[in-house]
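This is coords_23.cif. It holds mmCIF, C-alpha atoms (C1' of nucleotides).
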data_final
loop_
_atom_site.label_atom_id
_atom_site.label_comp_id
_atom_site.auth_asym_id
_atom_site.auth_seq_id
_atom_site.Cartn_x
_atom_site.Cartn_y
_atom_site.Cartn_z
CA MET A 1 8.26 -24.69 16.06
CA SER A 2 7.70 -26.39 12.74
CA GLN A 3 5.13 -29.11 12.49
CA ASN A 4 6.23 -32.28 10.74
CA ASP A 5 4.56 -31.25 7.58
CA ALA A 6 5.98 -30.05 4.31
CA PHE A 7 3.60 -27.12 4.20
CA ASP A 8 5.53 -23.92 4.72
CA LEU A 9 5.43 -20.38 3.42
CA GLN A 10 7.16 -21.24 0.17
CA ASN A 11 4.38 -23.69 -0.59
CA PHE A 12 1.57 -21.30 0.15
CA LEU A 13 0.26 -20.14 -3.19
CA PRO A 14 -0.87 -16.65 -2.12
CA TYR A 15 2.55 -16.02 -0.63
CA LEU A 16 4.40 -17.46 -3.58
CA LEU A 17 2.27 -15.51 -6.01
CA ASN A 18 2.94 -12.37 -4.09
CA GLN A 19 6.67 -12.87 -4.06
CA ALA A 20 6.73 -13.59 -7.76
CA ALA A 21 4.49 -10.63 -8.53
CA GLU A 22 6.58 -8.25 -6.48
CA GLU A 23 9.88 -9.44 -7.81
CA SER A 24 8.73 -9.43 -11.41
CA SER A 25 7.18 -5.98 -11.17
CA LEU A 26 10.25 -4.25 -9.85
CA ALA A 27 12.17 -3.65 -13.04
CA PHE A 28 9.14 -2.41 -14.93
CA GLN A 29 8.07 -0.17 -12.08
CA GLN A 30 11.49 1.41 -12.23
CA VAL A 31 10.82 2.41 -15.82
CA TYR A 32 7.41 4.02 -15.52
CA ARG A 33 8.40 5.69 -12.28
CA ASP A 34 11.70 7.12 -13.42
CA ARG A 35 10.69 7.89 -16.98
CA TYR A 36 7.20 9.35 -16.42
CA GLY A 37 6.79 9.73 -12.67
CA MET A 38 3.84 7.36 -12.74
CA LEU A 39 2.32 5.14 -10.08
CA ARG A 40 1.06 1.62 -10.68
CA THR A 41 -2.52 2.78 -10.89
CA GLU A 42 -1.50 5.38 -13.42
CA TRP A 43 0.23 3.17 -15.92
CA ARG A 44 -2.68 0.80 -15.66
CA VAL A 45 -5.14 3.51 -16.61
CA LEU A 46 -2.77 4.62 -19.36
CA PHE A 47 -2.59 1.08 -20.72
CA HIS A 48 -6.34 0.64 -20.69
CA LEU A 49 -6.80 3.78 -22.72
CA GLY A 50 -3.89 2.92 -24.99
CA LEU A 51 -5.16 -0.57 -25.64
CA TYR A 52 -8.89 -0.01 -25.89
CA GLY A 53 -9.19 3.67 -26.79
CA ARG A 54 -11.70 6.09 -25.29
CA LEU A 55 -13.24 4.76 -22.09
CA THR A 56 -15.07 6.07 -19.06
CA ALA A 57 -13.66 5.61 -15.56
CA LYS A 58 -16.41 3.10 -14.93
CA GLU A 59 -15.35 0.96 -17.85
CA ILE A 60 -11.76 1.01 -16.72
CA GLY A 61 -12.95 -0.11 -13.33
CA MET A 62 -14.84 -3.05 -14.75
CA ARG A 63 -11.94 -4.22 -16.83
CA SER A 64 -9.23 -3.71 -14.24
CA LYS A 65 -11.06 -4.42 -10.98
CA MET A 66 -9.44 -1.32 -9.53
CA HIS A 67 -11.55 0.60 -7.03
CA LYS A 68 -13.16 3.74 -8.40
CA THR A 69 -11.33 6.06 -6.01
CA LYS A 70 -8.00 4.75 -7.24
CA ILE A 71 -9.07 5.36 -10.79
CA SER A 72 -10.41 8.79 -9.98
CA ARG A 73 -7.10 9.82 -8.50
CA ALA A 74 -5.03 8.25 -11.24
CA VAL A 75 -7.11 10.08 -13.84
CA GLN A 76 -6.63 13.36 -11.98
CA ARG A 77 -2.87 12.99 -11.98
CA LEU A 78 -2.74 11.86 -15.58
CA GLU A 79 -4.80 14.87 -16.55
CA GLU A 80 -2.63 17.28 -14.59
CA ARG A 81 0.41 15.92 -16.33
CA ARG A 82 -1.31 16.18 -19.71
CA PHE A 83 -1.41 12.48 -20.51
CA LEU A 84 -5.17 12.49 -21.01
CA THR A 85 -8.17 14.74 -21.45
CA ARG A 86 -11.73 14.42 -20.20
CA ASP A 87 -14.69 14.77 -22.48
CA PRO A 88 -18.05 15.02 -20.67
CA ASP A 89 -20.72 12.78 -22.15
CA GLU A 90 -23.54 15.14 -23.10
CA ALA A 91 -26.06 12.31 -23.14
CA ASP A 92 -25.26 11.32 -19.55
CA ARG A 93 -23.53 14.08 -17.72
CA ARG A 94 -22.51 11.88 -14.81
CA GLN A 95 -19.74 10.34 -16.83
CA GLU A 96 -16.92 11.54 -19.00
CA TYR A 97 -14.92 9.91 -21.72
CA LEU A 98 -11.21 9.78 -21.30
CA ASP A 99 -8.77 10.09 -24.18
CA LEU A 100 -5.02 10.01 -24.29
CA THR A 101 -3.29 13.16 -25.49
CA VAL A 102 -0.48 13.00 -28.04
CA GLN A 103 1.88 12.92 -25.11
CA GLY A 104 -0.17 10.18 -23.48
CA ARG A 105 -0.09 8.06 -26.59
CA ALA A 106 3.65 8.52 -26.88
CA ALA A 107 4.13 7.42 -23.28
CA TYR A 108 1.83 4.48 -23.88
CA ARG A 109 3.70 3.34 -26.96
CA ASP A 110 6.98 3.65 -25.17
CA LEU A 111 5.84 1.73 -22.09
CA HIS A 112 3.97 -0.81 -24.15
CA GLY A 113 7.22 -1.63 -25.93
CA VAL A 114 9.11 -1.84 -22.67
CA ALA A 115 6.44 -4.09 -21.19
CA HIS A 116 6.37 -6.32 -24.22
CA ARG A 117 10.11 -6.80 -24.24
CA TYR A 118 10.20 -7.25 -20.49
CA ASP A 119 7.50 -9.87 -20.66
CA ALA A 120 9.47 -11.73 -23.29
CA ALA A 121 12.55 -11.59 -21.10
CA LEU A 122 10.61 -13.01 -18.17
CA ALA A 123 9.15 -15.73 -20.34
CA ASP A 124 12.66 -16.59 -21.48
CA THR A 125 13.55 -17.74 -18.01
CA LEU A 126 10.85 -20.39 -18.37
CA THR A 127 10.46 -23.34 -20.69
CA PRO A 128 7.72 -22.94 -23.32
CA GLU A 129 5.59 -25.46 -21.49
CA GLU A 130 6.09 -23.70 -18.19
CA GLU A 131 5.15 -20.41 -19.76
CA ARG A 132 1.99 -21.73 -21.35
CA ILE A 133 0.79 -23.47 -18.22
CA LEU A 134 1.79 -20.61 -15.95
CA ARG A 135 -0.31 -18.15 -17.93
CA ALA A 136 -3.28 -20.49 -18.01
CA ALA A 137 -3.08 -21.18 -14.29
CA LEU A 138 -2.72 -17.51 -13.42
CA ARG A 139 -5.79 -16.66 -15.46
CA LYS A 140 -7.75 -19.31 -13.63
CA LEU A 141 -6.65 -18.01 -10.25
CA ALA A 142 -7.26 -14.39 -11.17
CA ARG A 143 -10.80 -15.18 -12.24
CA MET A 144 -11.82 -16.84 -9.00
CA ALA A 145 -14.50 -15.35 -6.82
CA MET B 1 -5.81 2.74 -29.86
CA SER B 2 -4.64 -0.85 -29.87
CA GLN B 3 -1.67 -1.80 -31.93
CA ASN B 4 -2.09 -4.86 -34.12
CA ASP B 5 -0.35 -7.01 -31.65
CA ALA B 6 -1.67 -9.64 -29.29
CA PHE B 7 0.23 -8.20 -26.37
CA ASP B 8 -2.20 -6.68 -23.91
CA LEU B 9 -2.51 -6.35 -20.18
CA GLN B 10 -3.80 -9.86 -19.70
CA ASN B 11 -0.63 -11.18 -21.29
CA PHE B 12 1.74 -9.11 -19.21
CA LEU B 13 3.13 -11.43 -16.58
CA PRO B 14 3.66 -8.86 -13.82
CA TYR B 15 0.06 -7.73 -14.23
CA LEU B 16 -1.29 -11.24 -14.39
CA LEU B 17 0.76 -12.28 -11.38
CA ASN B 18 -0.51 -9.32 -9.46
CA GLN B 19 -4.14 -10.06 -10.26
CA ALA B 20 -3.76 -13.68 -9.28
CA ALA B 21 -1.89 -12.77 -6.11
CA GLU B 22 -4.47 -10.23 -5.06
CA GLU B 23 -7.45 -12.40 -5.80
CA SER B 24 -6.00 -15.45 -4.13
CA SER B 25 -4.97 -13.55 -1.00
CA LEU B 26 -8.38 -12.09 -0.29
CA ALA B 27 -10.06 -14.99 1.44
CA PHE B 28 -7.08 -15.73 3.65
CA GLN B 29 -6.64 -12.08 4.54
CA GLN B 30 -10.23 -12.09 5.73
CA VAL B 31 -9.36 -14.81 8.23
CA TYR B 32 -6.27 -13.37 9.88
CA ARG B 33 -7.80 -9.91 9.89
CA ASP B 34 -11.14 -10.87 11.38
CA ARG B 35 -9.91 -13.58 13.68
CA TYR B 36 -6.75 -11.98 15.07
CA GLY B 37 -6.78 -8.36 13.89
CA MET B 38 -3.52 -8.97 12.02
CA LEU B 39 -1.98 -7.25 9.04
CA ARG B 40 -0.19 -9.05 6.23
CA THR B 41 3.19 -8.18 7.67
CA GLU B 42 2.09 -9.57 11.01
CA TRP B 43 0.95 -12.98 9.92
CA ARG B 44 4.13 -13.26 7.93
CA VAL B 45 6.26 -12.65 10.98
CA LEU B 46 4.05 -15.02 12.95
CA PHE B 47 4.53 -17.72 10.33
CA HIS B 48 8.27 -17.32 10.23
CA LEU B 49 8.48 -17.78 13.97
CA GLY B 50 5.97 -20.61 13.91
CA LEU B 51 7.78 -22.45 11.16
CA TYR B 52 11.41 -21.86 12.08
CA GLY B 53 11.29 -21.11 15.80
CA ARG B 54 13.26 -18.37 17.56
CA LEU B 55 14.63 -15.79 15.13
CA THR B 56 15.94 -12.25 15.16
CA ALA B 57 14.25 -9.51 13.15
CA LYS B 58 17.24 -9.53 10.84
CA GLU B 59 16.81 -13.22 10.06
CA ILE B 60 13.14 -12.73 9.34
CA GLY B 61 14.11 -9.96 6.98
CA MET B 62 16.54 -12.14 5.09
CA ARG B 63 14.07 -14.95 4.69
CA SER B 64 11.06 -12.85 3.82
CA LYS B 65 12.60 -9.92 1.94
CA MET B 66 10.42 -7.57 3.97
CA HIS B 67 11.95 -4.20 4.81
CA LYS B 68 13.24 -3.89 8.35
CA THR B 69 10.88 -1.09 9.28
CA LYS B 70 7.91 -3.24 8.36
CA ILE B 71 9.25 -6.04 10.49
CA SER B 72 10.02 -3.70 13.38
CA ARG B 73 6.47 -2.44 13.43
CA ALA B 74 4.93 -5.86 12.97
CA VAL B 75 6.97 -7.15 15.90
CA GLN B 76 5.84 -4.21 18.01
CA ARG B 77 2.19 -4.96 17.37
CA LEU B 78 2.61 -8.67 17.86
CA GLU B 79 4.32 -8.00 21.16
CA GLU B 80 1.63 -5.58 22.33
CA ARG B 81 -0.98 -8.18 21.59
CA ARG B 82 1.02 -10.86 23.40
CA PHE B 83 1.72 -13.08 20.42
CA LEU B 84 5.47 -12.94 20.94
CA THR B 85 8.15 -11.94 23.41
CA ARG B 86 11.57 -10.40 22.90
CA ASP B 87 14.69 -11.82 24.44
CA PRO B 88 17.74 -9.57 24.16
CA ASP B 89 20.87 -11.35 22.99
CA GLU B 90 23.41 -10.78 25.75
CA ALA B 91 26.29 -11.55 23.43
CA ASP B 92 25.25 -8.88 20.93
CA ARG B 93 22.99 -6.35 22.47
CA ARG B 94 21.94 -4.86 19.17
CA GLN B 95 19.67 -7.75 18.44
CA GLU B 96 16.97 -9.67 20.22
CA TYR B 97 15.53 -13.09 19.75
CA LEU B 98 11.83 -13.35 19.14
CA ASP B 99 9.70 -16.20 20.44
CA LEU B 100 6.02 -16.92 20.10
CA THR B 101 4.00 -16.99 23.29
CA VAL B 102 1.54 -19.77 23.99
CA GLN B 103 -1.10 -17.54 22.48
CA GLY B 104 1.14 -16.87 19.49
CA ARG B 105 1.68 -20.54 18.89
CA ALA B 106 -2.05 -21.18 19.11
CA ALA B 107 -2.75 -18.47 16.56
CA TYR B 108 -0.01 -19.86 14.36
CA ARG B 109 -1.38 -23.39 14.49
CA ASP B 110 -4.84 -22.14 13.71
CA LEU B 111 -3.75 -19.99 10.78
CA HIS B 112 -1.36 -22.63 9.53
CA GLY B 113 -4.26 -25.03 9.28
CA VAL B 114 -6.41 -22.48 7.53
CA ALA B 115 -3.61 -21.69 5.09
CA HIS B 116 -2.95 -25.33 4.40
CA ARG B 117 -6.56 -26.09 3.64
CA TYR B 118 -6.94 -22.92 1.61
CA ASP B 119 -3.88 -23.76 -0.41
CA ALA B 120 -5.31 -27.20 -1.11
CA ALA B 121 -8.57 -25.62 -2.23
CA LEU B 122 -6.73 -23.32 -4.60
CA ALA B 123 -4.71 -26.20 -5.97
CA ASP B 124 -7.94 -28.08 -6.54
CA THR B 125 -8.96 -25.59 -9.18
CA LEU B 126 -5.89 -26.68 -11.14
CA THR B 127 -4.87 -29.95 -12.69
CA PRO B 128 -2.00 -31.73 -10.92
CA GLU B 129 0.30 -30.90 -13.78
CA GLU B 130 -0.73 -27.25 -13.73
CA GLU B 131 -0.15 -27.10 -10.03
CA ARG B 132 3.29 -28.62 -10.20
CA ILE B 133 4.44 -26.41 -13.03
CA LEU B 134 2.84 -23.30 -11.58
CA ARG B 135 4.73 -23.71 -8.34
CA ALA B 136 8.01 -24.34 -10.11
CA ALA B 137 7.57 -21.33 -12.37
CA LEU B 138 6.61 -19.06 -9.50
CA ARG B 139 9.69 -20.09 -7.56
CA LYS B 140 11.84 -19.27 -10.55
CA LEU B 141 10.27 -15.86 -10.95
CA ALA B 142 10.42 -15.09 -7.25
CA ARG B 143 14.13 -15.86 -7.16
CA MET B 144 15.09 -13.53 -10.00
CA ALA B 145 17.34 -10.58 -9.41
"C1'" DT C 1 -44.44 15.83 -11.96
"C1'" DG C 2 -42.45 14.29 -7.61
"C1'" DT C 3 -40.46 11.19 -4.78
"C1'" DT C 4 -37.32 7.49 -4.12
"C1'" DG C 5 -33.54 4.81 -5.51
"C1'" DT C 6 -29.23 4.23 -8.39
"C1'" DT C 7 -25.34 5.51 -10.67
"C1'" DA C 8 -20.60 7.92 -11.91
"C1'" DG C 9 -17.39 10.14 -9.89
"C1'" DT C 10 -15.18 13.01 -6.05
"C1'" DT C 11 -13.69 14.28 -1.51
"C1'" DA C 12 -12.40 13.76 3.36
"C1'" DC C 13 -10.47 11.12 6.75
"C1'" DA C 14 -8.12 7.00 8.67
"C1'" DA C 15 -4.89 3.15 7.96
"C1'" DA C 16 -0.82 1.45 6.04
"C1'" DA C 17 3.50 1.55 3.29
"C1'" DA C 18 7.82 3.82 1.76
"C1'" DC C 19 11.83 6.39 2.72
"C1'" DA C 20 15.21 8.68 5.29
"C1'" DA C 21 17.42 9.98 9.37
"C1'" DC C 22 18.53 8.38 13.62
"C1'" DC C 23 20.38 5.71 18.26
"C1'" DG C 24 23.03 2.51 20.62
"C1'" DT C 25 26.21 -1.32 19.91
"C1'" DT C 26 29.79 -3.89 17.81
"C1'" DA C 27 33.71 -4.50 14.45
"C1'" DA C 28 37.95 -2.99 12.12
"C1'" DC C 29 42.10 -1.25 12.34
"C1'" DG C 30 45.48 2.57 12.85
"C1'" DC D 1 43.04 2.27 23.20
"C1'" DG D 2 40.62 5.65 19.99
"C1'" DT D 3 38.46 6.66 15.99
"C1'" DT D 4 35.67 5.46 12.11
"C1'" DA D 5 32.63 2.47 9.83
"C1'" DA D 6 29.02 -0.93 9.84
"C1'" DC D 7 25.10 -3.16 11.90
"C1'" DG D 8 20.44 -4.15 14.11
"C1'" DG D 9 16.71 -1.94 15.04
"C1'" DT D 10 13.55 2.19 15.84
"C1'" DT D 11 11.38 6.60 14.98
"C1'" DG D 12 9.52 10.50 12.23
"C1'" DT D 13 7.69 12.17 8.01
"C1'" DT D 14 5.77 11.83 3.59
"C1'" DT D 15 3.15 8.99 0.04
"C1'" DT D 16 -0.24 5.92 -1.10
"C1'" DT D 17 -4.14 3.17 -0.08
"C1'" DG D 18 -8.70 2.00 1.87
"C1'" DT D 19 -13.25 3.25 3.44
"C1'" DA D 20 -17.10 5.89 3.90
"C1'" DA D 21 -19.70 9.71 3.06
"C1'" DC D 22 -20.92 12.86 -0.30
"C1'" DT D 23 -22.58 15.45 -4.88
"C1'" DA D 24 -24.73 15.77 -9.10
"C1'" DA D 25 -27.18 13.42 -12.59
"C1'" DC D 26 -30.30 10.07 -14.17
"C1'" DA D 27 -34.11 6.33 -13.87
"C1'" DA D 28 -38.38 4.29 -12.33
"C1'" DC D 29 -42.72 4.67 -11.43
"C1'" DA D 30 -46.72 6.09 -8.51
#
Taking this structure as input, can you express it in the form of structure tokens?
Amino acid sequence: MSQNDAFDLQNFLPYLLNQAAEESSLAFQQVYRDRYGMLRTEWRVLFHLGLYGRLTAKEIGMRSKMHKTKISRAVQRLEERRFLTRDPDEADRRQEYLDLTVQGRAAYRDLHGVAHRYDAALADTLTPEEERILRAALRKLARMA
Amino acid sequence: MSQNDAFDLQNFLPYLLNQAAEESSLAFQQVYRDRYGMLRTEWRVLFHLGLYGRLTAKEIGMRSKMHKTKISRAVQRLEERRFLTRDPDEADRRQEYLDLTVQGRAAYRDLHGVAHRYDAALADTLTPEEERILRAALRKLARMA
DNA sequence: TGTTGTTAGTTACAAAAACAACCGTTAACG
DNA sequence: CGTTAACGGTTGTTTTTGTAACTAACAACA
């Protein structure tokens, strides 16, 4: 039974963050899933390559904090579906550089636009002050150890 | 390659929300996992019962937005481990009321305290204004359709 | 050089989530 | 009543994720 204390689930930041993240991801997920058959890990890899250009799996891992097995599998699927190619680094043959194909860049541009517009639509439900502070606070929380 | 546009992953709210949610859940997850062998779905069910008292699975679903199969399985495991009991509703034998056992209430009180303190610690990394606005903005986003 | 440790990435297996079909019960209504 | 639809919940199967062990390549250094 509830303790006489205002602290409930809706006040628990991890829970609240999760609900907001899930709810706000849904509509975008719909797009990359239906339009390109991608998983979350896959559009993330696609975006990293689209935004920063040629990268190794390792570099994607450092930037995204995704585990290397997730990246490995996402890269496999993206390669199978011809969204990217692998280019072995001759100087260090443990790693390979990843590049988007023409098709990959097209998908990236498309999804980038969708994401941008969707982000703007989300931000529109907030006041400018709310938006600014929300982003700052989220960055702080995401950077915690 | 990056378009000449400030919009990148770190500015995409669903991504940012997800990173913050994941990062901020980690430490708490550690506690309910190590201390009670629970999964995320399980502590959520536990909290619903702890906060609101006797509920049916359906009611938990409406409040939490979790899918009914997740709830069904969480309830199973919580019952096996003697954190809750089921009480069939004689008036409508499709549903059953769920109640925490003594052990369940003890686990709830313990985890509630941990969550409360952890939430306070998270909030401490923010200014009071940031905290207030963050919570308001997250509630807005979580309630979107 | 050769041995030992690290690194980038993959693979194999176990745990968990998603999705659909299902069972027994109740509601709606001819 | 009897039939059909809806509901609460469970079960089975497929995807996806997490974890650990592995391979091949490189680095450090005696």
### Task
Would you give me, as a ChimeraX atom specification, the residues of chain A that come within 10 Å of chain D, using only C-alpha atoms (C1' of nucleotides)?
/A:39,67,69-70,92-95
Fit chain A to chain B, using all C-alpha atoms paired in sequence order for the least-squares superposition, and then show me the result as an mmCIF file with C-alpha atoms, in the coordinates of the input.
data_model
loop_
_atom_site.group_PDB
_atom_site.id
_atom_site.type_symbol
_atom_site.label_atom_id
_atom_site.label_comp_id
_atom_site.auth_asym_id
_atom_site.auth_seq_id
_atom_site.Cartn_x
_atom_site.Cartn_y
_atom_site.Cartn_z
ATOM 1 C CA MET A 1 -5.963 2.756 -29.712
ATOM 2 C CA SER A 2 -4.845 -0.846 -29.742
ATOM 3 C CA GLN A 3 -1.895 -1.826 -31.841
ATOM 4 C CA ASN A 4 -2.348 -4.886 -34.020
ATOM 5 C CA ASP A 5 -0.549 -7.035 -31.574
ATOM 6 C CA ALA A 6 -1.806 -9.672 -29.205
ATOM 7 C CA PHE A 7 0.122 -8.187 -26.318
ATOM 8 C CA ASP A 8 -2.294 -6.668 -23.849
ATOM 9 C CA LEU A 9 -2.584 -6.333 -20.103
ATOM 10 C CA GLN A 10 -3.850 -9.863 -19.617
ATOM 11 C CA ASN A 11 -0.683 -11.155 -21.233
ATOM 12 C CA PHE A 12 1.665 -9.070 -19.160
ATOM 13 C CA LEU A 13 3.109 -11.379 -16.552
ATOM 14 C CA PRO A 14 3.611 -8.789 -13.788
ATOM 15 C CA TYR A 15 0.008 -7.702 -14.177
ATOM 16 C CA LEU A 16 -1.320 -11.224 -14.352
ATOM 17 C CA LEU A 17 0.728 -12.264 -11.357
ATOM 18 C CA ASN A 18 -0.573 -9.328 -9.438
ATOM 19 C CA GLN A 19 -4.176 -10.069 -10.234
ATOM 20 C CA ALA A 20 -3.774 -13.693 -9.277
ATOM 21 C CA ALA A 21 -1.924 -12.807 -6.088
ATOM 22 C CA GLU A 22 -4.525 -10.286 -5.034
ATOM 23 C CA GLU A 23 -7.474 -12.469 -5.818
ATOM 24 C CA SER A 24 -5.996 -15.517 -4.142
ATOM 25 C CA SER A 25 -4.994 -13.624 -1.015
ATOM 26 C CA LEU A 26 -8.396 -12.176 -0.314
ATOM 27 C CA ALA A 27 -10.066 -15.068 1.438
ATOM 28 C CA PHE A 28 -7.080 -15.787 3.642
ATOM 29 C CA GLN A 29 -6.627 -12.136 4.507
ATOM 30 C CA GLN A 30 -10.210 -12.120 5.681
ATOM 31 C CA VAL A 31 -9.349 -14.815 8.197
ATOM 32 C CA TYR A 32 -6.254 -13.361 9.816
ATOM 33 C CA ARG A 33 -7.784 -9.908 9.816
ATOM 34 C CA ASP A 34 -11.132 -10.823 11.297
ATOM 35 C CA ARG A 35 -9.906 -13.537 13.624
ATOM 36 C CA TYR A 36 -6.735 -11.902 15.003
ATOM 37 C CA GLY A 37 -6.748 -8.323 13.751
ATOM 38 C CA MET A 38 -3.492 -8.938 11.922
ATOM 39 C CA LEU A 39 -1.930 -7.259 8.913
ATOM 40 C CA ARG A 40 -0.119 -9.084 6.132
ATOM 41 C CA THR A 41 3.257 -8.250 7.584
ATOM 42 C CA GLU A 42 2.119 -9.578 10.922
ATOM 43 C CA TRP A 43 0.978 -13.002 9.872
ATOM 44 C CA ARG A 44 4.162 -13.328 7.896
ATOM 45 C CA VAL A 45 6.282 -12.675 10.959
ATOM 46 C CA LEU A 46 4.053 -15.026 12.936
ATOM 47 C CA PHE A 47 4.521 -17.755 10.338
ATOM 48 C CA HIS A 48 8.274 -17.352 10.267
ATOM 49 C CA LEU A 49 8.467 -17.785 14.004
ATOM 50 C CA GLY A 50 5.945 -20.613 13.959
ATOM 51 C CA LEU A 51 7.766 -22.468 11.228
ATOM 52 C CA TYR A 52 11.381 -21.900 12.173
ATOM 53 C CA GLY A 53 11.228 -21.118 15.889
ATOM 54 C CA ARG A 54 13.204 -18.385 17.631
ATOM 55 C CA LEU A 55 14.605 -15.847 15.187
ATOM 56 C CA THR A 56 15.924 -12.311 15.209
ATOM 57 C CA ALA A 57 14.266 -9.580 13.149
ATOM 58 C CA LYS A 58 17.277 -9.657 10.873
ATOM 59 C CA GLU A 59 16.826 -13.327 10.128
ATOM 60 C CA ILE A 60 13.175 -12.831 9.360
ATOM 61 C CA GLY A 61 14.183 -10.087 6.990
ATOM 62 C CA MET A 62 16.608 -12.309 5.142
ATOM 63 C CA ARG A 63 14.123 -15.095 4.737
ATOM 64 C CA SER A 64 11.131 -12.967 3.825
ATOM 65 C CA LYS A 65 12.722 -10.072 1.937
ATOM 66 C CA MET A 66 10.536 -7.716 3.940
ATOM 67 C CA HIS A 67 12.094 -4.357 4.763
ATOM 68 C CA LYS A 68 13.355 -4.027 8.317
ATOM 69 C CA THR A 69 10.985 -1.188 9.194
ATOM 70 C CA LYS A 70 8.015 -3.336 8.255
ATOM 71 C CA ILE A 71 9.322 -6.100 10.440
ATOM 72 C CA SER A 72 10.065 -3.736 13.283
ATOM 73 C CA ARG A 73 6.514 -2.474 13.266
ATOM 74 C CA ALA A 74 4.968 -5.895 12.863
ATOM 75 C CA VAL A 75 7.000 -7.145 15.820
ATOM 76 C CA GLN A 76 5.872 -4.177 17.908
ATOM 77 C CA ARG A 77 2.223 -4.894 17.239
ATOM 78 C CA LEU A 78 2.606 -8.611 17.779
ATOM 79 C CA GLU A 79 4.291 -7.910 21.083
ATOM 80 C CA GLU A 80 1.615 -5.469 22.196
ATOM 81 C CA ARG A 81 -1.013 -8.052 21.461
ATOM 82 C CA ARG A 82 0.969 -10.712 23.317
ATOM 83 C CA PHE A 83 1.682 -12.965 20.357
ATOM 84 C CA LEU A 84 5.431 -12.846 20.921
ATOM 85 C CA THR A 85 8.101 -11.848 23.398
ATOM 86 C CA ARG A 86 11.532 -10.331 22.887
ATOM 87 C CA ASP A 87 14.616 -11.783 24.457
ATOM 88 C CA PRO A 88 17.713 -9.555 24.196
ATOM 89 C CA ASP A 89 20.811 -11.420 23.072
ATOM 90 C CA GLU A 90 23.336 -10.860 25.852
ATOM 91 C CA ALA A 91 26.232 -11.705 23.560
ATOM 92 C CA ASP A 92 25.243 -9.025 21.041
ATOM 93 C CA ARG A 93 22.962 -6.488 22.564
ATOM 94 C CA ARG A 94 21.996 -4.957 19.236
ATOM 95 C CA GLN A 95 19.687 -7.825 18.485
ATOM 96 C CA GLU A 96 16.945 -9.687 20.251
ATOM 97 C CA TYR A 97 15.475 -13.105 19.792
ATOM 98 C CA LEU A 98 11.800 -13.339 19.160
ATOM 99 C CA ASP A 99 9.630 -16.152 20.471
ATOM 100 C CA LEU A 100 5.960 -16.845 20.110
ATOM 101 C CA THR A 101 3.914 -16.858 23.299
ATOM 102 C CA VAL A 102 1.417 -19.629 24.012
ATOM 103 C CA GLN A 103 -1.178 -17.391 22.455
ATOM 104 C CA GLY A 104 1.082 -16.774 19.475
ATOM 105 C CA ARG A 105 1.611 -20.460 18.920
ATOM 106 C CA ALA A 106 -2.111 -21.086 19.122
ATOM 107 C CA ALA A 107 -2.771 -18.395 16.529
ATOM 108 C CA TYR A 108 -0.021 -19.821 14.361
ATOM 109 C CA ARG A 109 -1.400 -23.336 14.510
ATOM 110 C CA ASP A 110 -4.847 -22.094 13.716
ATOM 111 C CA LEU A 111 -3.742 -19.970 10.759
ATOM 112 C CA HIS A 112 -1.333 -22.600 9.546
ATOM 113 C CA GLY A 113 -4.243 -25.024 9.293
ATOM 114 C CA VAL A 114 -6.387 -22.475 7.519
ATOM 115 C CA ALA A 115 -3.574 -21.694 5.099
ATOM 116 C CA HIS A 116 -2.889 -25.331 4.423
ATOM 117 C CA ARG A 117 -6.500 -26.110 3.666
ATOM 118 C CA TYR A 118 -6.885 -22.954 1.625
ATOM 119 C CA ASP A 119 -3.829 -23.800 -0.407
ATOM 120 C CA ALA A 120 -5.245 -27.230 -1.108
ATOM 121 C CA ALA A 121 -8.509 -25.671 -2.210
ATOM 122 C CA LEU A 122 -6.675 -23.352 -4.582
ATOM 123 C CA ALA A 123 -4.633 -26.217 -5.945
ATOM 124 C CA ASP A 124 -7.854 -28.123 -6.536
ATOM 125 C CA THR A 125 -8.898 -25.631 -9.154
ATOM 126 C CA LEU A 126 -5.819 -26.661 -11.130
ATOM 127 C CA THR A 127 -4.783 -29.917 -12.731
ATOM 128 C CA PRO A 128 -1.890 -31.694 -10.984
ATOM 129 C CA GLU A 129 0.397 -30.793 -13.846
ATOM 130 C CA GLU A 130 -0.669 -27.175 -13.748
ATOM 131 C CA GLU A 131 -0.070 -27.062 -10.033
ATOM 132 C CA ARG A 132 3.387 -28.566 -10.241
ATOM 133 C CA ILE A 133 4.520 -26.313 -13.053
ATOM 134 C CA LEU A 134 2.900 -23.231 -11.566
ATOM 135 C CA ARG A 135 4.802 -23.659 -8.313
ATOM 136 C CA ALA A 136 8.074 -24.267 -10.108
ATOM 137 C CA ALA A 137 7.619 -21.255 -12.361
ATOM 138 C CA LEU A 138 6.647 -18.992 -9.482
ATOM 139 C CA ARG A 139 9.743 -20.003 -7.559
ATOM 140 C CA LYS A 140 11.882 -19.182 -10.553
ATOM 141 C CA LEU A 141 10.284 -15.775 -10.955
ATOM 142 C CA ALA A 142 10.447 -14.990 -7.257
ATOM 143 C CA ARG A 143 14.151 -15.750 -7.182
ATOM 144 C CA MET A 144 15.084 -13.392 -9.986
ATOM 145 C CA ALA A 145 17.296 -10.414 -9.357
#
### Message
One number please: CA of Phe7 in chain B to CA of Leu134 in chain B, in Å, one decimal.
### Response
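Here the two named atoms are 21.3 Å from each other.
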### Query
Quick one, how far is CA of Arg143 in chain A from CA of Glu23 in chain A?
21.9 Å
### Task
Tell me which residues the PyMOL selection byres ((chain C) within 12 of (chain B)) grabs here, as a ChimeraX atom specification.
/C:15-20,23-27
### Task
Work out how far apart CA of Gly53 in chain A and CA of Tyr108 in chain A are and give it in Å to one decimal.
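Value for the CA of Gly53 in chain A-CA of Tyr108 in chain A distance: 11.4 Å.
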